[in-house]
file final22.cif (mmCIF, C-alpha atoms and all ligand atoms)
data_work
#
loop_
_atom_site.label_atom_id
_atom_site.label_comp_id
_atom_site.auth_asym_id
_atom_site.auth_seq_id
_atom_site.Cartn_x
_atom_site.Cartn_y
_atom_site.Cartn_z
CA MET A 573 23.13 -13.12 -10.88
CA ASN A 574 20.65 -10.45 -9.84
CA LYS A 575 17.22 -11.70 -8.85
CA THR A 576 14.24 -10.65 -10.96
CA VAL A 577 11.05 -9.36 -9.38
CA LEU A 578 7.71 -8.87 -11.09
CA VAL A 579 6.01 -5.86 -9.51
CA THR A 580 2.30 -5.63 -10.28
CA GLY A 581 0.88 -2.14 -9.86
CA GLY A 582 4.45 -0.85 -9.86
CA LEU A 583 3.52 2.61 -11.11
CA GLY A 584 1.11 3.23 -8.21
CA PHE A 585 1.78 5.07 -4.96
CA ILE A 586 3.42 2.33 -2.89
CA GLY A 587 4.59 0.30 -5.89
CA SER A 588 6.63 3.13 -7.43
CA HIS A 589 8.47 3.85 -4.18
CA THR A 590 9.15 0.13 -3.75
CA VAL A 591 10.49 -0.16 -7.30
CA LEU A 592 13.01 2.59 -6.51
CA ASP A 593 14.20 0.77 -3.41
CA LEU A 594 14.44 -2.53 -5.32
CA LEU A 595 16.51 -0.90 -8.06
CA ALA A 596 18.78 0.67 -5.45
CA ASN A 597 19.31 -2.85 -4.09
CA ASP A 598 20.24 -4.24 -7.52
CA TYR A 599 17.12 -6.27 -8.23
CA GLU A 600 15.98 -6.56 -11.83
CA VAL A 601 12.46 -5.16 -11.93
CA ILE A 602 9.63 -5.89 -14.35
CA ILE A 603 6.48 -3.84 -13.88
CA ILE A 604 2.98 -4.67 -15.03
CA ASP A 605 0.35 -1.96 -14.57
CA ASN A 606 -2.76 -1.07 -16.56
CA LEU A 607 -2.58 2.61 -15.48
CA VAL A 608 -6.13 2.55 -14.11
CA ASN A 609 -4.90 4.58 -11.13
CA SER A 610 -1.49 5.82 -12.23
CA HIS A 611 0.32 7.63 -15.03
CA ILE A 612 2.96 6.52 -17.49
CA GLU A 613 5.11 9.55 -16.48
CA VAL A 614 5.85 7.71 -13.24
CA LEU A 615 8.09 5.37 -15.25
CA ASP A 616 10.19 8.34 -16.40
CA HIS A 617 10.33 9.68 -12.86
CA ILE A 618 11.60 6.31 -11.64
CA ALA A 619 14.29 6.44 -14.35
CA THR A 620 15.23 10.04 -13.47
CA ILE A 621 15.65 9.25 -9.79
CA SER A 622 17.31 5.84 -10.10
CA GLY A 623 19.17 6.13 -13.38
CA LYS A 624 17.58 2.82 -14.41
CA LYS A 625 14.47 2.14 -16.49
CA PRO A 626 12.63 -1.01 -15.48
CA LEU A 627 10.93 -3.15 -18.08
CA PHE A 628 7.29 -2.14 -18.29
CA PHE A 629 4.17 -3.90 -19.58
CA GLU A 630 1.00 -1.86 -19.83
CA ALA A 631 -1.58 -4.55 -19.19
CA ASP A 632 -4.19 -5.86 -16.80
CA VAL A 633 -2.80 -8.51 -14.46
CA ARG A 634 -5.84 -10.62 -15.34
CA ASN A 635 -4.60 -10.78 -18.93
CA GLU A 636 -3.06 -14.26 -19.03
CA GLU A 637 -1.73 -13.83 -22.53
CA VAL A 638 0.54 -11.04 -21.35
CA LEU A 639 1.46 -12.92 -18.16
CA ASN A 640 2.42 -15.99 -20.19
CA LYS A 641 4.62 -13.83 -22.38
CA ILE A 642 6.41 -12.32 -19.38
CA PHE A 643 6.89 -15.61 -17.53
CA LYS A 644 8.03 -17.45 -20.66
CA GLU A 645 10.63 -14.84 -21.46
CA TYR A 646 11.99 -14.04 -17.99
CA HIS A 647 12.76 -16.13 -14.97
CA ILE A 648 10.76 -14.47 -12.20
CA ASP A 649 12.23 -15.14 -8.74
CA ALA A 650 9.43 -13.38 -6.88
CA ILE A 651 6.27 -11.37 -7.37
CA ILE A 652 5.28 -8.33 -5.35
CA HIS A 653 1.57 -7.95 -5.94
CA PHE A 654 0.31 -4.37 -5.43
CA ALA A 655 -2.15 -4.17 -8.33
CA GLY A 656 -5.72 -3.77 -7.27
CA LEU A 657 -8.47 -1.28 -6.65
CA LYS A 658 -8.41 0.47 -3.29
CA ALA A 659 -11.16 3.12 -3.05
CA VAL A 660 -13.27 2.02 -0.10
CA GLY A 661 -16.34 4.09 -1.06
CA GLU A 662 -16.27 2.93 -4.68
CA SER A 663 -16.02 -0.68 -3.51
CA VAL A 664 -19.37 -0.30 -1.74
CA LYS A 665 -20.96 0.94 -4.97
CA LYS A 666 -19.20 -1.52 -7.30
CA PRO A 667 -18.57 -4.70 -5.30
CA THR A 668 -18.43 -7.04 -8.30
CA LEU A 669 -15.73 -4.92 -9.92
CA TYR A 670 -13.68 -5.00 -6.71
CA TYR A 671 -14.04 -8.75 -6.21
CA ASP A 672 -13.23 -9.34 -9.88
CA VAL A 673 -10.08 -7.20 -10.02
CA ASN A 674 -8.73 -7.84 -6.55
CA ILE A 675 -9.25 -11.61 -6.52
CA ASN A 676 -8.76 -12.54 -10.16
CA THR A 677 -5.42 -10.70 -10.43
CA THR A 678 -4.12 -12.93 -7.63
CA LEU A 679 -5.58 -16.11 -9.15
CA ALA A 680 -3.95 -15.34 -12.49
CA LEU A 681 -0.56 -14.86 -10.78
CA LEU A 682 -0.85 -18.09 -8.78
CA LYS A 683 -1.58 -19.98 -11.98
CA MET A 684 1.61 -18.56 -13.54
CA MET A 685 3.65 -19.42 -10.45
CA LYS A 686 2.69 -23.08 -10.80
CA LYS A 687 3.16 -23.14 -14.54
CA TYR A 688 6.56 -21.42 -14.60
CA ASN A 689 8.09 -22.49 -11.29
CA CYS A 690 8.03 -19.16 -9.54
CA HIS A 691 8.03 -19.85 -5.81
CA ASN A 692 7.54 -16.55 -4.04
CA ILE A 693 4.79 -13.97 -3.75
CA ILE A 694 4.47 -10.95 -1.46
CA PHE A 695 0.98 -9.51 -1.15
CA SER A 696 -0.29 -6.03 -0.16
CA SER A 697 -2.76 -6.70 2.58
CA SER A 698 -4.13 -4.14 4.98
CA ALA A 699 -4.83 -3.40 8.64
CA THR A 700 -8.47 -3.44 7.53
CA VAL A 701 -8.44 -7.26 7.97
CA TYR A 702 -8.36 -6.73 11.75
CA GLY A 703 -12.00 -5.66 11.36
CA GLU A 704 -13.79 -4.94 14.61
CA SER A 705 -10.95 -6.23 16.76
CA ARG A 706 -10.34 -3.65 19.48
CA GLU A 707 -7.41 -5.13 21.34
CA LEU A 708 -4.37 -2.91 20.76
CA PRO A 709 -1.78 -2.99 19.38
CA PHE A 710 -2.80 -5.29 16.53
CA THR A 711 -0.55 -8.36 16.36
CA GLU A 712 -0.32 -10.75 13.44
CA ASN A 713 -1.63 -13.75 15.39
CA MET A 714 -4.96 -12.09 16.28
CA ASN A 715 -8.21 -13.27 14.75
CA VAL A 716 -8.99 -11.44 11.54
CA GLY A 717 -11.89 -11.19 9.13
CA VAL A 718 -14.68 -10.35 11.58
CA GLY A 719 -16.55 -7.06 11.17
CA ILE A 720 -14.85 -5.89 7.98
CA LYS A 721 -17.00 -3.00 6.82
CA ASN A 722 -16.70 -2.92 3.02
CA PRO A 723 -16.03 -5.04 -0.09
CA TYR A 724 -12.50 -3.61 -0.44
CA GLY A 725 -11.59 -4.92 3.00
CA GLU A 726 -13.25 -8.26 2.27
CA THR A 727 -11.12 -8.69 -0.85
CA LYS A 728 -7.98 -8.22 1.26
CA TYR A 729 -9.18 -10.86 3.72
CA ILE A 730 -10.17 -13.30 0.95
CA ASN A 731 -6.78 -12.81 -0.69
CA GLU A 732 -5.11 -13.67 2.60
CA LEU A 733 -7.13 -16.92 2.84
CA LEU A 734 -6.49 -17.75 -0.79
CA LEU A 735 -2.74 -17.18 -0.54
CA LYS A 736 -2.41 -19.13 2.71
CA ASP A 737 -4.30 -22.09 1.23
CA PHE A 738 -2.18 -21.92 -1.90
CA ALA A 739 1.05 -22.05 0.11
CA THR A 740 -0.25 -24.92 2.22
CA SER A 741 -1.37 -27.04 -0.70
CA GLU A 742 1.66 -26.59 -2.96
CA ASP A 743 5.20 -27.83 -2.43
CA ASP A 744 7.82 -25.17 -2.11
CA MET A 745 5.57 -22.14 -2.52
CA HIS A 746 6.15 -19.18 -0.22
CA VAL A 747 3.83 -16.33 0.65
CA ILE A 748 4.37 -13.17 2.69
CA LEU A 749 1.31 -11.13 3.59
CA LEU A 750 2.16 -7.54 4.50
CA ARG A 751 -0.53 -5.72 6.46
CA TYR A 752 -0.04 -2.02 5.84
CA PHE A 753 -1.26 0.56 8.28
CA ASN A 754 -1.67 4.13 6.93
CA PRO A 755 0.90 5.02 4.27
CA ILE A 756 1.55 8.74 3.85
CA GLY A 757 4.33 10.98 2.54
CA ALA A 758 6.07 11.01 -0.82
CA HIS A 759 9.50 10.74 -2.40
CA LYS A 760 11.92 13.51 -1.33
CA SER A 761 12.40 14.58 -4.97
CA GLY A 762 8.74 15.59 -5.22
CA LEU A 763 8.45 13.41 -8.33
CA LEU A 764 6.50 10.50 -6.80
CA GLY A 765 3.54 10.62 -4.44
CA GLU A 766 -0.20 10.17 -4.16
CA ASP A 767 -2.83 12.35 -5.80
CA PRO A 768 -6.23 10.62 -5.70
CA LYS A 769 -8.81 11.60 -8.25
CA ASP A 770 -11.86 11.36 -6.00
CA ILE A 771 -12.79 12.98 -2.72
CA PRO A 772 -10.44 11.06 -0.50
CA ASN A 773 -11.48 8.78 2.30
CA ASN A 774 -8.09 8.93 4.02
CA LEU A 775 -6.79 11.82 6.06
CA MET A 776 -3.57 12.81 4.28
CA PRO A 777 -4.97 13.02 0.72
CA TYR A 778 -7.84 15.06 2.17
CA VAL A 779 -5.41 17.37 3.97
CA LEU A 780 -3.47 17.84 0.74
CA LYS A 781 -6.58 18.78 -1.23
CA VAL A 782 -7.33 21.45 1.36
CA ALA A 783 -3.70 22.62 1.45
CA VAL A 784 -3.68 23.28 -2.31
CA GLY A 785 -7.13 24.88 -2.27
CA GLU A 786 -9.04 22.14 -4.11
CA LEU A 787 -11.28 21.76 -1.05
CA ASP A 788 -12.01 24.71 1.20
CA HIS A 789 -11.75 22.97 4.53
CA LEU A 790 -11.05 19.70 6.27
CA THR A 791 -13.79 17.99 8.24
CA VAL A 792 -12.55 16.18 11.32
CA PHE A 793 -14.99 13.33 11.89
CA GLY A 794 -15.65 13.48 15.63
CA ASP A 795 -13.72 14.97 18.54
CA ASP A 796 -15.45 13.03 21.29
CA TYR A 797 -13.60 9.71 21.04
CA ASP A 798 -11.90 8.21 24.04
CA THR A 799 -8.46 9.49 22.99
CA PRO A 800 -6.30 12.27 24.51
CA ASP A 801 -7.58 15.02 22.15
CA GLY A 802 -10.86 13.31 21.24
CA THR A 803 -9.95 12.64 17.60
CA CYS A 804 -9.24 9.25 16.02
CA ILE A 805 -5.78 7.73 16.23
CA ARG A 806 -4.10 5.86 13.38
CA ASP A 807 -0.64 4.46 12.67
CA TYR A 808 0.81 6.60 9.85
CA ILE A 809 3.87 5.22 8.09
CA HIS A 810 6.02 7.12 5.60
CA VAL A 811 5.77 5.46 2.19
CA LEU A 812 9.59 5.27 1.99
CA ASP A 813 9.67 3.19 5.17
CA LEU A 814 6.83 1.05 3.87
CA ALA A 815 8.61 0.55 0.55
CA HIS A 816 11.74 -0.56 2.37
CA GLY A 817 9.68 -3.12 4.28
CA HIS A 818 9.08 -4.83 0.91
CA VAL A 819 12.79 -5.05 0.15
CA LEU A 820 13.33 -6.66 3.55
CA ALA A 821 10.40 -9.03 2.99
CA LEU A 822 11.82 -9.97 -0.40
CA SER A 823 15.16 -10.81 1.08
CA LYS A 824 13.36 -12.96 3.67
CA ILE A 825 11.11 -14.82 1.21
CA LEU A 826 13.98 -15.69 -1.13
CA GLY A 827 15.45 -17.90 1.58
CA MET A 828 12.27 -18.79 3.43
CA LYS A 829 11.48 -22.33 4.60
CA ASP A 830 8.02 -21.52 5.98
CA LYS A 831 5.08 -21.49 3.64
CA CYS A 832 3.36 -18.33 4.80
CA GLU A 833 4.40 -15.44 7.01
CA ILE A 834 2.46 -12.32 7.97
CA TYR A 835 3.95 -8.98 9.00
CA ASN A 836 2.40 -5.71 10.08
CA LEU A 837 4.06 -2.70 8.50
CA GLY A 838 3.37 0.42 10.50
CA THR A 839 5.37 2.41 13.02
CA GLY A 840 3.89 0.94 16.17
CA LYS A 841 2.82 4.44 17.23
CA GLY A 842 -0.48 6.21 16.77
CA SER A 843 -1.11 9.86 15.88
CA SER A 844 -4.43 11.63 16.20
CA VAL A 845 -6.11 13.56 13.39
CA LEU A 846 -5.34 16.85 15.14
CA GLU A 847 -1.71 15.86 15.69
CA ILE A 848 -1.38 15.33 11.95
CA VAL A 849 -3.07 18.65 11.20
CA HIS A 850 -0.76 20.49 13.61
CA ALA A 851 2.34 18.73 12.30
CA PHE A 852 1.31 19.62 8.75
CA ASN A 853 0.78 23.28 9.69
CA ASN A 854 4.08 23.52 11.57
CA VAL A 855 6.38 22.05 8.96
CA ASN A 856 4.69 23.70 6.01
CA HIS A 857 4.02 27.07 7.67
CA ILE A 858 0.34 27.13 6.77
CA LYS A 859 -2.91 26.96 8.68
CA LEU A 860 -5.34 24.37 7.41
CA PRO A 861 -8.95 25.41 7.89
CA TYR A 862 -10.92 22.64 9.55
CA VAL A 863 -14.30 22.05 11.18
CA ILE A 864 -15.33 19.38 13.62
CA GLY A 865 -18.07 17.22 12.15
CA PRO A 866 -20.01 14.23 13.46
CA ARG A 867 -18.37 10.82 13.81
CA ARG A 868 -18.16 8.78 10.62
CA GLU A 869 -19.89 5.43 10.74
CA GLY A 870 -17.54 2.51 11.24
CA ASP A 871 -14.50 4.52 12.41
CA ALA A 872 -12.69 2.98 15.35
CA ALA A 873 -11.22 5.33 17.95
CA MET A 874 -7.76 3.85 17.65
CA SER A 875 -5.74 1.59 15.40
CA PHE A 876 -2.04 0.94 15.56
CA ALA A 877 0.30 -1.94 14.88
CA SER A 878 2.70 -4.01 16.84
CA ILE A 879 5.74 -4.16 14.56
CA GLU A 880 7.79 -6.40 16.85
CA LYS A 881 7.59 -9.37 14.49
CA ALA A 882 8.76 -7.34 11.47
CA ARG A 883 11.52 -5.82 13.63
CA LYS A 884 12.74 -9.17 14.84
CA GLU A 885 12.41 -11.24 11.67
CA LEU A 886 12.92 -8.69 8.89
CA GLY A 887 15.07 -6.07 10.61
CA PHE A 888 12.35 -3.53 9.84
CA GLU A 889 12.83 -0.15 11.52
CA PRO A 890 10.91 2.90 10.31
CA ILE A 891 13.10 6.01 10.26
CA TYR A 892 10.81 8.82 9.08
CA THR A 893 8.54 10.95 11.28
CA ILE A 894 5.04 12.24 10.59
CA GLU A 895 6.67 15.68 10.14
CA ASP A 896 8.85 14.25 7.35
CA ALA A 897 5.76 12.75 5.74
CA CYS A 898 3.81 16.04 5.97
CA LEU A 899 6.69 17.96 4.41
CA ASP A 900 7.28 15.44 1.62
CA ALA A 901 3.60 15.01 0.76
CA PHE A 902 3.07 18.78 0.47
CA ASN A 903 6.25 19.16 -1.56
CA PHE A 904 4.93 16.53 -4.01
CA ILE A 905 1.44 17.93 -4.31
CA LYS A 906 2.64 21.52 -4.86
CA LYS A 907 4.74 20.36 -7.82
CA HIS A 908 2.02 18.11 -9.13
CA VAL A 909 -1.18 20.10 -8.76
CA GLY A 910 -2.94 21.08 -11.97
CA LYS A 911 -0.60 18.92 -14.07
CA GLU A 912 -3.22 16.40 -15.23
N1 LIG B 1001 -2.54 3.19 0.14
C1 LIG B 1001 -3.10 2.61 1.19
O1 LIG B 1001 -3.58 3.27 2.12
C2 LIG B 1001 -3.12 1.09 1.32
C3 LIG B 1001 -3.34 0.51 2.57
C4 LIG B 1001 -3.38 -0.89 2.66
C5 LIG B 1001 -3.22 -1.67 1.52
N2 LIG B 1001 -3.02 -1.06 0.32
C6 LIG B 1001 -2.88 -1.90 -0.88
O2 LIG B 1001 -1.59 -1.72 -1.45
C7 LIG B 1001 -1.65 -1.85 -2.87
C8 LIG B 1001 -1.04 -0.62 -3.49
O3 LIG B 1001 -1.72 0.53 -3.03
P1 LIG B 1001 -1.42 1.97 -3.59
O4 LIG B 1001 -1.82 2.94 -2.52
O5 LIG B 1001 -0.07 2.04 -4.16
O6 LIG B 1001 -2.52 2.03 -4.73
P2 LIG B 1001 -2.43 2.66 -6.20
O7 LIG B 1001 -3.81 2.70 -6.72
O8 LIG B 1001 -1.64 3.91 -6.18
O9 LIG B 1001 -1.58 1.54 -6.97
C9 LIG B 1001 -2.16 0.40 -7.53
C10 LIG B 1001 -1.63 0.27 -8.95
O10 LIG B 1001 -2.19 -0.91 -9.53
C11 LIG B 1001 -2.64 -0.60 -10.83
N3 LIG B 1001 -3.72 -1.55 -11.13
C12 LIG B 1001 -4.96 -1.62 -10.56
N4 LIG B 1001 -5.65 -2.65 -11.07
C13 LIG B 1001 -4.83 -3.26 -11.97
C14 LIG B 1001 -4.96 -4.39 -12.81
N5 LIG B 1001 -6.09 -5.11 -12.85
N6 LIG B 1001 -3.94 -4.73 -13.60
C15 LIG B 1001 -2.78 -4.00 -13.60
N7 LIG B 1001 -2.60 -2.93 -12.81
C16 LIG B 1001 -3.60 -2.56 -12.01
C17 LIG B 1001 -3.06 0.86 -10.79
O11 LIG B 1001 -3.02 1.47 -12.07
C18 LIG B 1001 -2.01 1.45 -9.84
O12 LIG B 1001 -0.88 1.90 -10.55
C19 LIG B 1001 -3.12 -2.05 -3.21
O13 LIG B 1001 -3.36 -3.43 -3.35
C20 LIG B 1001 -3.83 -1.52 -1.99
O14 LIG B 1001 -5.09 -2.10 -1.81
C21 LIG B 1001 -2.95 0.29 0.20
#
call {"tool": "encode", "arguments": {"input": "final22.cif", "output": "structure tokens", "more": "lines below"}}
Ligand SMILES: NC(=O)c1ccc[n+]([C@@H]2O[C@H](COP(=O)([O-])OP(=O)(O)OC[C@H]3O[C@@H](n4cnc5c(N)ncnc54)[C@H](O)[C@@H]3O)[C@@H](O)[C@H]2O)c1
result
Amino acid sequence: MNKTVLVTGGLGFIGSHTVLDLLANDYEVIIIDNLVNSHIEVLDHIATISGKKPLFFEADVRNEEVLNKIFKEYHIDAIIHFAGLKAVGESVKKPTLYYDVNINTTLALLKMMKKYNCHNIIFSSSATVYGESRELPFTENMNVGVGIKNPYGETKYINELLLKDFATSEDDMHVILLRYFNPIGAHKSGLLGEDPKDIPNNLMPYVLKVAVGELDHLTVFGDDYDTPDGTCIRDYIHVLDLAHGHVLALSKILGMKDKCEIYNLGTGKGSSVLEIVHAFNNVNHIKLPYVIGPRREGDAAMSFASIEKARKELGFEPIYTIEDACLDAFNFIKKHVGKE
């Protein structure tokens, strides 16, 4: 019988791409999402692309009444927990909201796991937990949690602690923590992608706003870092590769003996801000206007993953390039702009 997966936040950017990959691999998918940062149309787009419509509950993951209903009615083999708030700047202004949503969603799910005998949970963590660590590439066994710069990042770290302790204290409970690097790109159909409402903090959404004329130029924060072209280097991973990492992690956790495993999901390679800008210009035949501004507080010169553990233990191998991601992201945003 096909395994059933509860995907929280399954209509969001990474969640929707993961749902597609799960459906393509014959998992039964149940989505819970309160649409705080997504749109119900995404469900139709998933159905159009995959030919299958997953079961959907529009609800907050903290709503235990709804969770009880789902867990009572369906046998959930595993949870993939994407739901949460992710705007770094907003988290500084509204820390209690971020701690509430990002921690209490997990607590509610853990309670259900115990009550209904669900043994597996995969959690969306982030490279942000590496904090001020400067030894590169980042490997999963490094110290984490020191020098995290904002409440959003703290909630990721606290979730990691919480989930590890949960797995340790309970019999037969399994946790996989996936530390994402910088997801970019979109689905090839142009139907799914990322279109943040606010002024974005991350490079690609910012680039896209400039590319469609919503912002008149890109500001590159500093060109005097100790990197080949002076701009910051990050590990950008196509969202389709990232989504596939979840399917591999799911297959691992369903037969896992260990209580808790951690995997970086990136490409293992860094690209500078200017490399991204040039790649974007080349593949999309445009010229993004940009200015060099001062450094932004808290930005590290370089961040990239070691993905050896994911390669070895999950068979994870990213296949898309930053050029693919630039093409796909622009294709999505051109179709999407002005539609809300
Ligand atoms: N995108 C990134 O750069 C990145 C990097 C590292 C980690 N992550 C983490 O990965 C996860 C998914 O990120 P994303 O980029 O797809 O974000 P997203 O905002 O596009 O998706 C999150 C989804 O969760 C839903 N949601 C939020 N709070 C909810 C709640 N209380 N109950 C039910 N649904 C809720 C939103 O409506 C949205 O559809 C998040 O936990 C995020 O912190 C993202």
call {"tool": "closest_residue", "arguments": {"input": "final22.cif", "among": "A:Glu766, A:Glu637, A:Asp593, A:Glu742", "to": "ligand LIG 1001 (chain B)", "atoms": "all atoms listed in the file"}}
result
A:Glu766
call {"tool": "axis_aligned_box", "arguments": {"input": "final22.cif", "around": "ligand LIG 1001 (chain B)", "padding_each_side": "3 Å", "output": "AutoDock Vina command-line options"}}
result
--center_x -3.1 --center_y -0.6 --center_z -5.5 --size_x 12.0 --size_y 15.0 --size_z 22.3
call {"tool": "residues_near_ligand", "arguments": {"input": "final22.cif", "ligand": "ligand LIG 1001 (chain B)", "cutoff": "8 Å", "atoms": "all atoms listed in the file", "output": "count of residues only"}}
result
47
call {"tool": "atom_distance", "arguments": {"input": "final22.cif", "atom1": "CA of Pro723 (chain A)", "atom2": "CA of Gly802 (chain A)"}}
result
28.6 Å
call {"tool": "residues_around", "arguments": {"input": "final22.cif", "residues": "Met745 (chain A)", "least_positions_apart": "4", "cutoff": "7 Å", "atoms": "all atoms listed in the file", "output": "ChimeraX atom specification"}}
result
/A:691-692,739,831
call {"tool": "closest_atom_pairs", "arguments": {"input": "final22.cif", "of": "region 772-793 of chain A", "to": "region 803-806 of chain A", "cutoff": "10 Å", "atoms": "only C-alpha atoms", "output": "JSON lines"}}
result
{"residue": "A:Leu775", "atom": "CA", "partner": "A:Arg806", "partner_atom": "CA", "distance": 9.8}
{"residue": "A:Val792", "atom": "CA", "partner": "A:Thr803", "partner_atom": "CA", "distance": 7.7}
{"residue": "A:Phe793", "atom": "CA", "partner": "A:Thr803", "partner_atom": "CA", "distance": 7.6}
call {"tool": "write_last_selection", "arguments": {"input": "final22.cif", "atoms": "C-alpha atoms", "output": "compact mmCIF listing (two decimals), in the frame of the given file"}}
result
# COMPACT_ATOMS: atom_id res chain seq x y z
CA LEU A 775 -6.79 11.82 6.06
CA VAL A 792 -12.55 16.18 11.32
CA PHE A 793 -14.99 13.33 11.89
call {"tool": "atom_distance", "arguments": {"input": "final22.cif", "atom1": "CA of Glu600 (chain A)", "atom2": "CA of Phe643 (chain A)"}}
result
14.0 Å
call {"tool": "atom_distance", "arguments": {"input": "final22.cif", "atom1": "CA of Ile652 (chain A)", "atom2": "CA of Asp767 (chain A)"}}
result
22.2 Å
call {"tool": "residues_around", "arguments": {"input": "final22.cif", "residues": "Asp801 (chain A)", "least_positions_apart": "6", "cutoff": "12 Å", "atoms": "all atoms listed in the file", "output": "ChimeraX atom specification"}}
result
/A:792,794-795,843-848,873
call {"tool": "residues_near_point", "arguments": {"input": "final22.cif", "point": "(9.4, 2.3, 5.5)", "cutoff": "10 Å", "atoms": "all atoms listed in the file", "output": "PyMOL selection string"}}
result
chain A and resi 589-590+755+809-820+837-839+888-892
call {"tool": "build_atoms", "arguments": {"input": "final22.cif", "residues": "region 865-882 of chain A", "atoms": "N, CA and C atoms", "output": "PDB file, in the frame of the given file"}}
result
ATOM      1  N   GLY A 865     -16.782  17.763  12.581  1.00  0.00           N
ATOM      2  CA  GLY A 865     -18.070  17.220  12.150  1.00  0.00           C
ATOM      3  C   GLY A 865     -18.462  16.040  13.027  1.00  0.00           C
ATOM      4  N   PRO A 866     -19.604  15.412  12.706  1.00  0.00           N
ATOM      5  CA  PRO A 866     -20.010  14.230  13.460  1.00  0.00           C
ATOM      6  C   PRO A 866     -19.075  13.049  13.183  1.00  0.00           C
ATOM      7  N   ARG A 867     -19.155  12.044  14.050  1.00  0.00           N
ATOM      8  CA  ARG A 867     -18.370  10.820  13.810  1.00  0.00           C
ATOM      9  C   ARG A 867     -18.773  10.188  12.490  1.00  0.00           C
ATOM     10  N   ARG A 868     -17.853   9.497  11.858  1.00  0.00           N
ATOM     11  CA  ARG A 868     -18.160   8.780  10.620  1.00  0.00           C
ATOM     12  C   ARG A 868     -18.444   7.334  10.987  1.00  0.00           C
ATOM     13  N   GLU A 869     -19.494   6.788  10.373  1.00  0.00           N
ATOM     14  CA  GLU A 869     -19.890   5.430  10.740  1.00  0.00           C
ATOM     15  C   GLU A 869     -18.749   4.437  10.483  1.00  0.00           C
ATOM     16  N   GLY A 870     -18.525   3.582  11.437  1.00  0.00           N
ATOM     17  CA  GLY A 870     -17.540   2.510  11.240  1.00  0.00           C
ATOM     18  C   GLY A 870     -16.120   2.873  11.652  1.00  0.00           C
ATOM     19  N   ASP A 871     -15.861   4.143  12.003  1.00  0.00           N
ATOM     20  CA  ASP A 871     -14.500   4.520  12.410  1.00  0.00           C
ATOM     21  C   ASP A 871     -14.223   4.058  13.832  1.00  0.00           C
ATOM     22  N   ALA A 872     -13.113   3.354  13.999  1.00  0.00           N
ATOM     23  CA  ALA A 872     -12.690   2.980  15.350  1.00  0.00           C
ATOM     24  C   ALA A 872     -11.925   4.144  15.960  1.00  0.00           C
ATOM     25  N   ALA A 873     -11.950   4.242  17.293  1.00  0.00           N
ATOM     26  CA  ALA A 873     -11.220   5.330  17.950  1.00  0.00           C
ATOM     27  C   ALA A 873      -9.724   5.224  17.685  1.00  0.00           C
ATOM     28  N   MET A 874      -9.218   4.005  17.770  1.00  0.00           N
ATOM     29  CA  MET A 874      -7.760   3.850  17.650  1.00  0.00           C
ATOM     30  C   MET A 874      -7.383   2.620  16.833  1.00  0.00           C
ATOM     31  N   SER A 875      -6.311   2.738  16.103  1.00  0.00           N
ATOM     32  CA  SER A 875      -5.740   1.590  15.400  1.00  0.00           C
ATOM     33  C   SER A 875      -4.243   1.815  15.281  1.00  0.00           C
ATOM     34  N   PHE A 876      -3.477   0.898  15.818  1.00  0.00           N
ATOM     35  CA  PHE A 876      -2.040   0.940  15.560  1.00  0.00           C
ATOM     36  C   PHE A 876      -1.443  -0.461  15.687  1.00  0.00           C
ATOM     37  N   ALA A 877      -0.290  -0.613  15.051  1.00  0.00           N
ATOM     38  CA  ALA A 877       0.300  -1.940  14.880  1.00  0.00           C
ATOM     39  C   ALA A 877       1.287  -2.279  15.988  1.00  0.00           C
ATOM     40  N   SER A 878       1.461  -3.549  16.225  1.00  0.00           N
ATOM     41  CA  SER A 878       2.700  -4.010  16.840  1.00  0.00           C
ATOM     42  C   SER A 878       3.608  -4.368  15.669  1.00  0.00           C
ATOM     43  N   ILE A 879       4.830  -3.809  15.660  1.00  0.00           N
ATOM     44  CA  ILE A 879       5.740  -4.160  14.560  1.00  0.00           C
ATOM     45  C   ILE A 879       6.917  -5.001  15.075  1.00  0.00           C
ATOM     46  N   GLU A 880       6.699  -5.613  16.247  1.00  0.00           N
ATOM     47  CA  GLU A 880       7.790  -6.400  16.850  1.00  0.00           C
ATOM     48  C   GLU A 880       8.229  -7.558  15.955  1.00  0.00           C
ATOM     49  N   LYS A 881       7.243  -8.213  15.319  1.00  0.00           N
ATOM     50  CA  LYS A 881       7.590  -9.370  14.490  1.00  0.00           C
ATOM     51  C   LYS A 881       8.431  -8.925  13.269  1.00  0.00           C
ATOM     52  N   ALA A 882       8.002  -7.838  12.630  1.00  0.00           N
ATOM     53  CA  ALA A 882       8.760  -7.340  11.470  1.00  0.00           C
ATOM     54  C   ALA A 882      10.151  -6.879  11.904  1.00  0.00           C
TER      55      ALA A 882
END
